[in-house]
Structure formats: C-alpha cells, structure tokens
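Peer 1: Sharing a structure here in structure tokens format.
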Amino acid sequence: MNKYHHPPESTIHSPAATLEVMPDRPDSAFQQEYADDADLNLLAELLAGQDATLPTAVAAPATDAQFDQNSRRDRRSMREKLLAPEYQRLEQLEVQVAELQAQLRDRDALIRTMAPLVSQMIAQRVQESRDEVAEALYPVIGRTIQRAVSEAMRDLARRIDLTLRRSMRPRFLVGLMFKRLRGVKPEEAALRQALPFQVRELFLLHRESGLLIQHISAVGTLTDADLIGSMLSAIRAYVADSFEPGNGTSLDAIEYGSGKHILIEEGQAALIAVLVQGVEPAGFRAALRQQLFELHHACGTLLRSFKGDPIDSAMLLPQLNPLMEWSDASA
Amino acid sequence: MLQRKVCLIGDFAVGKSSLFNRFVYNRFSETYQSTIGVRVQRKVVTVQGRDVALVLWDTEGGQDSSTVRESYLAGASGAVIVCDLTRNNTILHCEEYAHILRQKNANIPLIMAGNKLDLVSPEHTHVAVARRVAQLIQVPLTLSSAGSGEGVEALFQSLGEGLVGVHPTS
C-alpha cells in the first residue's frame, strides 16, 4: 500500500467532496491563489469536466475560510496525483535501504555475500602481482614462519641435548661405538637419535580383495580403518595398472605430510601397510618382511581363504605386535 | 563384523556412482562427474539379523567392457552390473561384464541393475531387452532409479542376501 498516496482517489474523483464550493468562488481570488501553481491547468481541466455534474443541493454560498480550506485540499490532492510515481519510487528506495541496512547488521549474511568476492579478488590479485602481495603479507607470514622454524630448532636442540646427557650411559656408549665402527660420526648419531621414529598405524590387508584383516594403532582408534585399507589397495592397483601394466611391480611406499610414510610389504596372501613417522631405522623393512613371512607360515590357510569373515586377533597379533615395538621410546 | 567386497561395474554414465551415492549417502546430483580409477566406501546392511559391511568399489566406466581394470575386481565377493535403461547398448554389454566377473570367480553372486527407471516407462522396449539379457546371463534384474531412489535399497539388500547365502543371486 502506498502510504504517500493519500487520501486520494476519493478526494480527486469525488465532486461532492472536492468541488462543492466552486460555484461561489470569486474568480480573481481563485486565479491569484493559483497564479504560481503549476497544477493550475490540470485543475482547471478537472473543474471544467466536473462542474456539469455538480448536484444542485451543494451549490450553496461558501465562506472565505471554507474556500481556503478547499483550495488547499485541492492543491494537495493535485500534488499527490502528480507526484504519485515519485512517492512510489521513494517508498521502494526506502524498502531497499532498509533491506541493505538489515544485511549490514546481519554479519553472517554479509560474510556469505562478500566471501566469494573477496576470495576471487585475492586470487586475482595474487595472480597479477605476486611479488606485491608477498611483500604485503611478509610482516605477518614471515614472522609466523620464523617463529615456527625457531620452535622446531629449539625442539631439536633440546632433543640433542637430552641425547648427549644420556650418552654417558653404557648402553648408549656401546651403541655409539658400533656406529663409529660403521663410519657414523657421533654428531650424526646424536642427530639421528633426536629424530624419533614411530610406527603409528599398522594395517594387515587381504592382498586380493584389499579387505582389512587386522588393524593396530599406536595413537588412537581410526573409525575408517577398513576404508583406508581398501583405498590403499585401490591406489596400489591403480598405480600397477597405469604405470607398469603387466610388469608385476607394485607401490611399496607413499610419502605424505612432514616425514610421514606408508610402507607396504606384500606377501603371498596378505600385505602389511604401516604408517610411520620419522626416519625408518635400518632393518625395519627386513623386520616387516620377516613378520609377514612368519604370519603366512602361521596362518597361511586362513589368509588365503579370507573372504571377509573375521579372523581371531589372537592368531595374528603375535606376529604384528613386534613391529609396533620399533617405535623409539622418545616418540 | 562380516565384510564383503562388492564392485559396481558397467559402461560409462550408466549411473554407477549415482547408485553408489544414493545408497551410501542418500543423495543424488544431476551433474555428471566421471569417476577416475575407483572410489571405495562402506555401508552396513542387515541380513537375517546379522550385520554385513559391504565395501563398495565404484569403478570407472568405459565405452564397453574392454576398458575394465581387472585388478579392481580381484577378490570381489559380489558385483552389481549396471546398465542405463535409456541406452540399449549399455544393456547388451552386461553380458560381457558378467563374463569377465565369472572368469575371475565362477560362483560370484551378481545382480543386474537397470538404472534410470525414472526416465523410461516400465513397458519400454529397453526394459524388455534388459529382462531378456538378465535371463540370458542368469542374473536377477532390479529396476532402479538413483534419481528417485526407487529400487536402490532393494538392489543392495538383495545382493547382501546373496552374499551371505540367504538366496542365490547367480
């Protein structure tokens, strides 16, 4: 409903309401009244058209006050009629402004609206002038990187320090002597000791189907261990088919993140995939192979006929648990 | 829990991934995205009060069965051969897919899914062709629509029952 468009229709189009006093008006006063009014012509037309229909009952003499009042009313109604489109436009604008204000107040909505634009803008800016953006971000990112590197170095220094303090223990000295004999410098040995190795997850998978037979975790319980196992098998199959078709070679390691690896050792009926962190100690691969061999020796028939029915963990864990024990005590 | 590897196999764009998404996530997208390699997901069905985890391998489709990566089919306990009821050649290719699967495992439970049922009427000639092919390769046929969800649950439930030997699906 247009609030500016009042009273409106009834006043403009109702001769009884608007024009009942017109027969008695003094023409000179009327013309003076409307001399400067742009609506005069339109009003005159309206009067000319409606005089003929005036009821005789209302043609009574009017007072000056009544005349003034009616004149004002006429002018107002004319203005309303002439300015109706502007009033409507104004009302629409007010609604739009109110909506915009509401959007500005609702921060979530504003973020939703702006986020894609801002992302696009940043991406475009980075593409166009990478150096400028890097320079602008350096005070923030540079400091963060600097802090992260410093923390990592301090952590490494603490570990080396701890290793050196332990170095007086007979067991360590013997180990150091062996390493020295193999050509490893003491500082390298200390550095190696400072980078702990951890076996985080172990998956025993059926070689053919990729189904998970057993899972051991050192860091918590994975809810999707079976899916991870199957995906690993799928990746291996994809790599084997795509890069070395018919060659019989397979994926035996995947590296990801910082110093994390998935090592895969394949047996006749099953394979072991271990997720490790840190530098893999010498002999770990051989241990993987050895345990897998022993597992096949102990449960070969079960593994070969595996279709997805659970296998008693007690039969598998004696061969799998020793691999988890390769983790360094400091990890 | 009992696990069974199930492969979805069929020509490209017959709706393997759509069936997979409808069954696992109960969602459907009109946008076609070609599968590269394989996608793996698990869903548990209950057969005679026993939970069976179906490990579904949604394999990439090709023009016909010659492009199938057989390594994905290794060790599968069951398979869904999917065809598009609006494309006659995808229905005819089902015979070749069944042959490939049976070469790997002669007793593998199979089920044929006549997909995109929402786009054809049940009296359409392609539906009759699908019935004939299913009969020929001795595989039960389920008419399904990943778009509307019709027949999808029944399809995998039926396969699950076949996998644990409640009723034969091949």
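Ordering of the structure tokens sets the chain letters (A, B, ...), residue numbers begin anew at 1 in every chain, and ligands are numbered from 1 in the order given.
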Tell me, which residues of segment 21-170 of chain B carry DSSP strand (DSSP E or B), written as a ChimeraX atom specification?
Peer 2: /B:38-47,50-59,78-84,110-115,141-143
Peer 1: Contacts of Gly149 of chain B at 9 Å or less, counting only C-alpha atoms, minus same-chain residues fewer than 4 places along, as a list in words?
Peer 2: Leu19, Arg22, Phe23, Asn26, Arg27, Phe28, Ser144, Ser145 and Glu153 of chain B
Peer 1: Any chance you could export the current selection's C-alpha atoms as a PDB file, in the first residue's frame?
Peer 2:
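again_11.pdb, written as the output of this step:
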```
ATOM      1  CA  LEU B  19      23.648 -45.556  -7.307  1.00  0.00           C
ATOM      2  CA  ARG B  22      22.229 -42.782  -3.353  1.00  0.00           C
ATOM      3  CA  PHE B  23      22.870 -45.981  -1.407  1.00  0.00           C
ATOM      4  CA  ASN B  26      21.234 -40.954   0.139  1.00  0.00           C
ATOM      5  CA  ARG B  27      21.994 -38.117  -2.224  1.00  0.00           C
ATOM      6  CA  PHE B  28      21.767 -37.511  -5.945  1.00  0.00           C
ATOM      7  CA  SER B 144      16.258 -48.831 -10.165  1.00  0.00           C
ATOM      8  CA  SER B 145      16.477 -45.085 -10.254  1.00  0.00           C
ATOM      9  CA  GLU B 153      17.914 -50.169  -1.222  1.00  0.00           C
TER      10      GLU B 153
END
```
Peer 1: Leaving out Leu117 of chain B and any residue of its chain fewer than 4 positions from it, which residues lie within 9 Å of it when counting only C-alpha atoms, given as a ChimeraX atom specification?
Peer 2: /B:84-86,121-122,127,143-148,150
Peer 1: Report as a PyMOL selection string: the residues of segment 2-163 of chain B with a DSSP assignment of helix (DSSP H, G or I), based on the backbone of this structure.
Peer 2: chain B and resi 16-25+65-67+70-73+88-92+94-104+117-119+125-136+152-163
Peer 1: Which chain A residues have any atom within 8 Å of an atom of chain B, and for each, what is the nearest pair of atoms with distance in Å to one decimal, counting only C-alpha atoms, rows sorted by chain and number, as JSON lines?
Peer 2:
```
{"residue": "A:Glu208", "atom": "CA", "partner": "B:Gly75", "partner_atom": "CA", "distance": 4.9}
{"residue": "A:Ser209", "atom": "CA", "partner": "B:Gly75", "partner_atom": "CA", "distance": 3.9}
{"residue": "A:Gly210", "atom": "CA", "partner": "B:Gly75", "partner_atom": "CA", "distance": 7.7}
{"residue": "A:Leu211", "atom": "CA", "partner": "B:Lys5", "partner_atom": "CA", "distance": 7.2}
{"residue": "A:Leu227", "atom": "CA", "partner": "B:Gln41", "partner_atom": "CA", "distance": 6.4}
{"residue": "A:Ser230", "atom": "CA", "partner": "B:Val40", "partner_atom": "CA", "distance": 6.9}
{"residue": "A:Met231", "atom": "CA", "partner": "B:Val40", "partner_atom": "CA", "distance": 6.3}
{"residue": "A:Ala234", "atom": "CA", "partner": "B:Tyr72", "partner_atom": "CA", "distance": 6.9}
{"residue": "A:Ala237", "atom": "CA", "partner": "B:Ser71", "partner_atom": "CA", "distance": 5.9}
{"residue": "A:Tyr238", "atom": "CA", "partner": "B:Gly37", "partner_atom": "CA", "distance": 6.5}
{"residue": "A:Asp241", "atom": "CA", "partner": "B:Arg69", "partner_atom": "CA", "distance": 7.4}
{"residue": "A:Lys307", "atom": "CA", "partner": "B:Arg4", "partner_atom": "CA", "distance": 6.9}
{"residue": "A:Gly308", "atom": "CA", "partner": "B:Gln3", "partner_atom": "CA", "distance": 4.4}
{"residue": "A:Asp309", "atom": "CA", "partner": "B:Leu2", "partner_atom": "CA", "distance": 4.9}
{"residue": "A:Pro310", "atom": "CA", "partner": "B:Leu2", "partner_atom": "CA", "distance": 6.4}
```
Peer 1: For each of A:Ser305, A:Ala152, A:Val199, A:Glu91, take the minimum atom-to-atom distance to Pro322 of chain A, counting only C-alpha atoms, then give the residue where this is smallest.
Peer 2: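 Using only C-alpha atoms, Pro322 of chain A sits closest to A:Val199.
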